file query_3.cif (mmCIF, C-alpha atoms)
data_structure
loop_
_atom_site.group_PDB
_atom_site.id
_atom_site.type_symbol
_atom_site.label_atom_id
_atom_site.label_comp_id
_atom_site.auth_asym_id
_atom_site.auth_seq_id
_atom_site.Cartn_x
_atom_site.Cartn_y
_atom_site.Cartn_z
ATOM 1 C CA GLU L 1 -29.269 31.258 5.130
ATOM 2 C CA ILE L 2 -26.700 29.429 3.027
ATOM 3 C CA VAL L 3 -23.325 31.141 2.764
ATOM 4 C CA GLU L 4 -21.259 30.201 -0.262
ATOM 5 C CA MET L 5 -17.586 29.643 0.502
ATOM 6 C CA ILE L 6 -15.358 31.166 -2.147
ATOM 7 C CA PRO L 7 -11.708 29.989 -2.213
ATOM 8 C CA ALA L 8 -9.073 32.693 -1.978
ATOM 9 C CA PHE L 9 -6.793 30.700 -4.277
ATOM 10 C CA GLN L 10 -6.397 27.201 -5.666
ATOM 11 C CA PHE L 11 -3.313 25.252 -6.619
ATOM 12 C CA SER L 12 -2.090 21.698 -7.041
ATOM 13 C CA LEU L 13 1.177 20.255 -5.751
ATOM 14 C CA ARG L 14 0.756 17.530 -8.419
ATOM 15 C CA GLN L 15 2.169 14.899 -6.096
ATOM 16 C CA PRO L 16 0.605 12.755 -3.348
ATOM 17 C CA VAL L 17 1.070 14.302 0.096
ATOM 18 C CA LEU L 18 1.958 12.055 3.045
ATOM 19 C CA TYR L 19 -0.629 11.847 5.819
ATOM 20 C CA GLY L 20 0.155 14.352 8.574
ATOM 21 C CA ILE L 21 3.405 15.565 6.984
ATOM 22 C CA VAL L 22 2.236 19.175 6.604
ATOM 23 C CA THR L 23 3.228 22.374 8.379
ATOM 24 C CA ILE L 24 3.187 26.157 7.909
ATOM 25 C CA GLY L 25 6.169 28.400 8.581
ATOM 26 C CA LYS L 26 7.194 32.029 8.082
ATOM 27 C CA TYR L 27 10.598 31.312 6.581
ATOM 28 C CA ASP L 28 11.233 34.986 5.797
ATOM 29 C CA GLY L 29 9.670 36.113 9.081
ATOM 30 C CA VAL L 30 6.608 37.562 7.338
ATOM 31 C CA HIS L 31 4.853 35.326 4.795
ATOM 32 C CA PRO L 32 3.273 31.965 5.743
ATOM 33 C CA CYS L 33 4.418 29.097 3.522
ATOM 34 C CA LEU L 34 2.762 25.698 3.307
ATOM 35 C CA THR L 35 5.208 22.776 3.479
ATOM 36 C CA ALA L 36 4.176 19.194 2.648
ATOM 37 C CA GLY L 37 6.025 15.879 2.355
ATOM 38 C CA THR L 38 5.627 13.373 -0.472
ATOM 39 C CA ASN L 39 6.164 9.636 -0.611
ATOM 40 C CA ALA L 40 9.201 10.214 -2.836
ATOM 41 C CA GLY L 41 11.241 11.669 0.026
ATOM 42 C CA LYS L 42 10.647 15.258 -1.038
ATOM 43 C CA LEU L 43 9.302 18.373 0.665
ATOM 44 C CA LEU L 44 7.244 20.845 -1.342
ATOM 45 C CA ILE L 45 7.255 24.458 -0.124
ATOM 46 C CA HIS L 46 4.410 26.594 -1.442
ATOM 47 C CA SER L 47 5.227 30.314 -1.327
ATOM 48 C CA PRO L 48 2.300 32.237 -2.872
ATOM 49 C CA HIS L 49 4.039 35.586 -2.230
ATOM 50 C CA ASN L 50 6.641 34.530 -4.833
ATOM 51 C CA ARG L 51 3.982 33.992 -7.472
ATOM 52 C CA GLY L 52 4.980 35.486 -10.804
ATOM 53 C CA GLU L 53 3.619 35.416 -14.317
ATOM 54 C CA ASP L 54 5.259 32.055 -14.996
ATOM 55 C CA ASN L 55 4.508 30.562 -11.540
ATOM 56 C CA GLN L 56 8.038 29.138 -11.542
ATOM 57 C CA ASN L 57 8.946 30.236 -8.023
ATOM 58 C CA GLU L 58 5.667 29.422 -6.300
ATOM 59 C CA VAL L 59 6.591 25.839 -5.318
ATOM 60 C CA ASN L 60 10.122 24.850 -4.338
ATOM 61 C CA VAL L 61 11.283 21.267 -3.818
ATOM 62 C CA LEU L 62 13.656 19.982 -1.145
ATOM 63 C CA ASN L 63 15.078 16.511 -1.737
ATOM 64 C CA ILE L 64 15.380 14.627 1.556
ATOM 65 C CA ASP L 65 15.923 11.229 -0.131
ATOM 66 C CA LYS L 66 14.687 9.461 3.013
ATOM 67 C CA LYS L 67 11.268 8.526 4.338
ATOM 68 C CA ILE L 68 9.919 11.607 6.149
ATOM 69 C CA THR L 69 8.232 10.843 9.478
ATOM 70 C CA SER L 70 7.418 14.337 10.808
ATOM 71 C CA VAL L 71 7.828 18.057 10.083
ATOM 72 C CA CYS L 72 7.382 21.245 12.093
ATOM 73 C CA THR L 73 8.511 24.863 12.003
ATOM 74 C CA GLY L 74 9.454 27.469 14.579
ATOM 75 C CA LEU L 75 11.821 30.186 15.723
ATOM 76 C CA LEU L 76 14.448 27.705 16.894
ATOM 77 C CA SER L 77 17.251 30.262 16.531
ATOM 78 C CA PRO L 78 15.946 33.624 17.866
ATOM 79 C CA ASN L 79 18.902 35.454 16.323
ATOM 80 C CA LEU L 80 17.628 34.619 12.834
ATOM 81 C CA GLY L 81 14.279 36.383 13.255
ATOM 82 C CA HIS L 82 12.412 33.813 11.121
ATOM 83 C CA ASP L 83 11.173 30.231 11.292
ATOM 84 C CA VAL L 84 13.296 27.258 10.358
ATOM 85 C CA LEU L 85 12.129 23.888 9.072
ATOM 86 C CA MET L 86 12.613 20.801 11.266
ATOM 87 C CA VAL L 87 12.408 17.469 9.455
ATOM 88 C CA GLY L 88 12.386 14.020 11.030
ATOM 89 C CA THR L 89 13.253 10.837 9.168
ATOM 90 C CA GLN L 90 13.303 7.329 10.590
ATOM 91 C CA THR L 91 16.805 7.735 12.057
ATOM 92 C CA SER L 92 17.731 11.429 11.842
ATOM 93 C CA LEU L 93 16.771 15.057 12.470
ATOM 94 C CA TRP L 94 17.505 17.748 9.888
ATOM 95 C CA VAL L 95 17.047 21.464 10.665
ATOM 96 C CA TYR L 96 17.095 23.766 7.645
ATOM 97 C CA ASP L 97 17.003 27.532 7.134
ATOM 98 C CA VAL L 98 14.769 27.857 4.062
ATOM 99 C CA GLU L 99 15.312 31.607 3.664
ATOM 100 C CA GLU L 100 19.120 31.328 3.606
ATOM 101 C CA ASN L 101 19.164 27.909 1.890
ATOM 102 C CA ALA L 102 21.469 26.587 4.604
ATOM 103 C CA ASP L 103 21.572 23.724 7.103
ATOM 104 C CA LEU L 104 21.497 24.574 10.801
ATOM 105 C CA PHE L 105 22.403 21.000 11.686
ATOM 106 C CA PHE L 106 21.918 17.332 10.836
ATOM 107 C CA LYS L 107 21.856 14.766 13.617
ATOM 108 C CA GLU L 108 21.578 10.985 13.749
ATOM 109 C CA VAL L 109 19.051 9.952 16.411
ATOM 110 C CA HIS L 110 19.638 6.396 17.590
ATOM 111 C CA ASP L 111 16.175 6.015 19.170
ATOM 112 C CA GLY L 112 14.515 7.052 15.901
ATOM 113 C CA VAL L 113 12.270 10.005 15.041
ATOM 114 C CA ASN L 114 8.536 9.302 15.085
ATOM 115 C CA VAL L 115 7.394 12.890 15.667
ATOM 116 C CA VAL L 116 8.949 16.338 16.174
ATOM 117 C CA ALA L 117 7.571 19.420 17.956
ATOM 118 C CA PHE L 118 8.874 22.923 18.599
ATOM 119 C CA GLY L 119 8.537 24.796 21.883
ATOM 120 C CA THR L 120 10.074 25.833 25.184
ATOM 121 C CA ILE L 121 10.614 23.635 28.224
ATOM 122 C CA PRO L 122 10.788 24.908 31.832
ATOM 123 C CA LYS L 123 14.377 25.099 33.166
ATOM 124 C CA VAL L 124 15.748 24.914 29.601
ATOM 125 C CA THR L 125 17.194 28.267 28.536
ATOM 126 C CA ALA L 126 16.662 28.042 24.761
ATOM 127 C CA PRO L 127 13.796 26.997 22.460
ATOM 128 C CA VAL L 128 14.081 23.343 21.468
ATOM 129 C CA CYS L 129 13.061 20.896 18.806
ATOM 130 C CA VAL L 130 11.705 17.894 20.718
ATOM 131 C CA VAL L 131 12.094 14.497 19.086
ATOM 132 C CA GLY L 132 9.873 11.600 20.129
ATOM 133 C CA GLY L 133 11.281 8.179 19.311
ATOM 134 C CA ASN L 134 11.544 4.690 20.752
ATOM 135 C CA CYS L 135 10.530 5.205 24.412
ATOM 136 C CA SER L 136 12.451 8.486 24.611
ATOM 137 C CA LEU L 137 12.183 12.264 24.300
ATOM 138 C CA GLN L 138 15.136 14.450 23.271
ATOM 139 C CA GLY L 139 15.286 18.236 22.937
ATOM 140 C CA PHE L 140 17.850 19.963 20.694
ATOM 141 C CA ASP L 141 18.711 23.651 20.350
ATOM 142 C CA HIS L 142 19.577 25.445 17.076
ATOM 143 C CA GLU L 143 23.132 24.101 17.180
ATOM 144 C CA GLY L 144 22.051 20.494 17.671
ATOM 145 C CA SER L 145 23.073 20.371 21.338
ATOM 146 C CA GLU L 146 20.917 18.116 23.497
ATOM 147 C CA LEU L 147 19.332 20.221 26.254
ATOM 148 C CA PHE L 148 16.552 17.860 27.326
ATOM 149 C CA TRP L 149 16.083 14.097 27.660
ATOM 150 C CA SER L 150 13.435 11.906 29.229
ATOM 151 C CA VAL L 151 11.920 8.453 28.890
ATOM 152 C CA THR L 152 8.381 7.378 27.991
ATOM 153 C CA GLY L 153 6.483 4.139 28.471
ATOM 154 C CA ASP L 154 6.389 3.207 24.784
ATOM 155 C CA ASN L 155 7.088 4.520 21.290
ATOM 156 C CA VAL L 156 6.070 8.172 20.946
ATOM 157 C CA SER L 157 3.115 8.741 18.595
ATOM 158 C CA ALA L 158 2.186 12.421 19.191
ATOM 159 C CA LEU L 159 3.635 15.582 20.774
ATOM 160 C CA ALA L 160 2.378 19.093 21.526
ATOM 161 C CA PHE L 161 3.026 22.026 23.847
ATOM 162 C CA CYS L 162 0.227 23.510 25.974
ATOM 163 C CA ASP L 163 0.066 25.369 29.307
ATOM 164 C CA VAL L 164 -2.063 22.644 30.879
ATOM 165 C CA ASN L 165 -1.848 23.807 34.504
ATOM 166 C CA GLY L 166 -2.173 27.546 33.812
ATOM 167 C CA ASP L 167 1.151 28.569 35.368
ATOM 168 C CA GLY L 168 2.247 30.540 32.315
ATOM 169 C CA LEU L 169 4.771 27.888 31.243
ATOM 170 C CA PRO L 170 4.048 25.362 28.487
ATOM 171 C CA GLU L 171 3.968 21.676 29.354
ATOM 172 C CA LEU L 172 4.951 18.953 26.891
ATOM 173 C CA ILE L 173 2.099 16.527 26.129
ATOM 174 C CA CYS L 174 3.277 13.157 24.875
ATOM 175 C CA GLY L 175 1.134 10.385 23.402
ATOM 176 C CA THR L 176 2.554 6.860 23.163
ATOM 177 C CA GLU L 177 1.603 3.553 21.554
ATOM 178 C CA ASP L 178 0.597 2.038 24.922
ATOM 179 C CA PHE L 179 -2.580 4.221 24.790
ATOM 180 C CA GLU L 180 -1.139 6.669 27.329
ATOM 181 C CA MET L 181 -0.765 10.440 27.369
ATOM 182 C CA ARG L 182 1.772 11.905 29.748
ATOM 183 C CA ILE L 183 2.106 15.593 30.550
ATOM 184 C CA PHE L 184 5.666 16.658 31.339
ATOM 185 C CA HIS L 185 6.737 19.743 33.295
ATOM 186 C CA HIS L 186 10.438 19.576 32.475
ATOM 187 C CA GLU L 187 11.244 15.912 33.306
ATOM 188 C CA ASP L 188 8.417 15.463 35.836
ATOM 189 C CA VAL L 189 5.188 13.738 34.773
ATOM 190 C CA ILE L 190 2.401 15.829 36.333
ATOM 191 C CA LYS L 191 -0.534 13.948 34.781
ATOM 192 C CA GLU L 192 -1.231 10.665 32.998
ATOM 193 C CA ILE L 193 -4.288 9.889 30.883
ATOM 194 C CA THR L 194 -5.133 6.347 29.743
ATOM 195 C CA GLU L 195 -7.084 6.068 26.492
ATOM 196 C CA THR L 196 -8.641 3.253 24.456
ATOM 197 C CA ASP L 197 -6.273 3.452 21.468
ATOM 198 C CA VAL L 198 -3.072 5.081 20.279
ATOM 199 C CA VAL L 199 -3.069 8.902 20.422
ATOM 200 C CA ILE L 200 -2.091 10.011 16.922
ATOM 201 C CA ARG L 201 -2.548 13.795 17.180
ATOM 202 C CA ILE L 202 -2.534 16.437 19.924
ATOM 203 C CA GLU L 203 -3.390 20.104 19.332
ATOM 204 C CA PRO L 204 -3.530 23.019 21.807
ATOM 205 C CA VAL L 205 -6.890 24.796 21.523
ATOM 206 C CA HIS L 206 -7.182 27.708 23.983
ATOM 207 C CA LYS L 207 -5.400 28.516 27.223
ATOM 208 C CA GLN L 208 -5.347 25.242 29.205
ATOM 209 C CA ARG L 209 -7.436 23.242 26.737
ATOM 210 C CA PHE L 210 -6.116 20.795 24.153
ATOM 211 C CA ALA L 211 -7.682 18.316 21.766
ATOM 212 C CA TYR L 212 -6.448 14.910 20.705
ATOM 213 C CA ALA L 213 -7.331 12.191 18.209
ATOM 214 C CA LEU L 214 -7.142 8.408 18.550
ATOM 215 C CA MET L 215 -6.238 5.880 15.895
ATOM 216 C CA HIS L 216 -9.763 4.325 15.836
ATOM 217 C CA GLY L 217 -11.335 7.661 14.910
ATOM 218 C CA THR L 218 -12.328 9.285 18.212
#
call {"tool": "encode", "arguments": {"input": "query_3.cif", "output": "structure tokens"}}
result
Amino acid sequence: EIVEMIPAFQFSLRQPVLYGIVTIGKYDGVHPCLTAGTNAGKLLIHSPHNRGEDNQNEVNVLNIDKKITSVCTGLLSPNLGHDVLMVGTQTSLWVYDVEENADLFFKEVHDGVNVVAFGTIPKVTAPVCVVGGNCSLQGFDHEGSELFWSVTGDNVSALAFCDVNGDGLPELICGTEDFEMRIFHHEDVIKEITETDVVIRIEPVHKQRFAYALMHGT
């Protein structure tokens, strides 16, 4: 039996979207909004719940004016009660409250920002935005204070959080350009996996399972 897939809605951002620079966040705490980066240094935020007769408020534009390297969302400041947007550029991290149209903080990152991820780290009291750069990992809270730091074997190419060992606490999985994946429990590396190419994406799947993609297509 062939089941026909019918789209719930269709729309066009009318601009090229950068590879991998896409995330979804509940900026008002309720409605999911698609956020995508363009090659013009802009972020497009699609908010279908704002759709009106003129469609004027459905897509908002944030001008970053720098090359965007990574985006993610999360409840970085629990007091807010809604997700914030975390944006990495080549040399900086920008955390923005979309709902209130206000910056949480802007920070220059000397080791660069290849990828950002949101989560919690054992022994760290607050949620953090983890930045993977040139052979380093840094974790910042909602005020931009550095609460976590560690080193990696090469430039960071992928990050994700997953409870790999089933202890109820998420581990940080880090892929680097030397074909390695390292699993961190706080600053301790509890497992290393050697692959055949650069890990470009890591995604938690279910419980202790995660999936990852390599640059050559595996």
call {"tool": "resolve_selection", "arguments": {"input": "query_3.cif", "expression": "the PyMOL selection byres ((chain L and resi 155-172) around 10)", "output": "ChimeraX atom specification"}}
result
/L:111-122,130-137,151-154,173-187,189-191,198-210,212-213
call {"tool": "closest_atom_pairs", "arguments": {"input": "query_3.cif", "of": "segment 59-159 of chain L", "to": "segment 39-53 of chain L", "cutoff": "6 Å", "atoms": "only C-alpha atoms", "output": "Markdown table"}}
result
| residue | atom | partner | partner_atom | distance |
| --- | --- | --- | --- | --- |
| L:Val59 | CA | L:His46 | CA | 4.5 |
| L:Asn60 | CA | L:Ile45 | CA | 5.1 |
| L:Val61 | CA | L:Leu44 | CA | 4.8 |
| L:Leu62 | CA | L:Leu43 | CA | 5.0 |
| L:Asn63 | CA | L:Lys42 | CA | 4.7 |
| L:Ile64 | CA | L:Gly41 | CA | 5.3 |
| L:Asp65 | CA | L:Gly41 | CA | 4.7 |
| L:Lys66 | CA | L:Gly41 | CA | 5.1 |
| L:Lys67 | CA | L:Gly41 | CA | 5.3 |
call {"tool": "atom_distance", "arguments": {"input": "query_3.cif", "atom1": "atom CA of Ile68 of chain L", "atom2": "atom CA of Leu18 of chain L"}}
result
8.6 Å
call {"tool": "residues_around", "arguments": {"input": "query_3.cif", "residues": "Thr23 of chain L", "least_positions_apart": "5", "cutoff": "10 Å", "atoms": "only C-alpha atoms", "output": "ChimeraX atom specification"}}
result
/L:32-37,45,70-73,85-86
call {"tool": "atom_distance", "arguments": {"input": "query_3.cif", "atom1": "atom CA of Arg14 of chain L", "atom2": "atom CA of Asp97 of chain L"}}
result
24.6 Å
call {"tool": "atom_distance", "arguments": {"input": "query_3.cif", "atom1": "atom CA of Asn57 of chain L", "atom2": "atom CA of Tyr96 of chain L"}}
result
18.8 Å
call {"tool": "residues_near_point", "arguments": {"input": "query_3.cif", "point": "(18.9, 23.3, 22.3)", "cutoff": "7 Å", "atoms": "all atoms listed in the file", "output": "PyMOL selection string"}}
result
chain L and resi 126-128+139-147
call {"tool": "residues_around", "arguments": {"input": "query_3.cif", "residues": "Asp28 of chain L", "least_positions_apart": "5", "cutoff": "10 Å", "atoms": "all atoms listed in the file", "output": "mmCIF file with C-alpha atoms, in the coordinates of the input"}}
result
data_model
loop_
_atom_site.group_PDB
_atom_site.id
_atom_site.type_symbol
_atom_site.label_atom_id
_atom_site.label_comp_id
_atom_site.auth_asym_id
_atom_site.auth_seq_id
_atom_site.Cartn_x
_atom_site.Cartn_y
_atom_site.Cartn_z
ATOM 1 C CA CYS L 33 4.418 29.097 3.522
ATOM 2 C CA LEU L 80 17.628 34.619 12.834
ATOM 3 C CA GLY L 81 14.279 36.383 13.255
ATOM 4 C CA HIS L 82 12.412 33.813 11.121
ATOM 5 C CA ASP L 83 11.173 30.231 11.292
ATOM 6 C CA VAL L 84 13.296 27.258 10.358
ATOM 7 C CA ASP L 97 17.003 27.532 7.134
ATOM 8 C CA VAL L 98 14.769 27.857 4.062
ATOM 9 C CA GLU L 99 15.312 31.607 3.664
ATOM 10 C CA GLU L 100 19.120 31.328 3.606
#
call {"tool": "closest_residue", "arguments": {"input": "query_3.cif", "among": "L:Thr194, L:Ser77, L:Asn101, L:Asp188", "to": "Lys123 of chain L", "atoms": "all atoms listed in the file"}}
result
L:Asp188
call {"tool": "closest_residue", "arguments": {"input": "query_3.cif", "among": "L:Leu13, L:Ile193, L:Ala8, L:Leu104", "to": "Glu58 of chain L", "atoms": "all atoms listed in the file"}}
result
L:Leu13
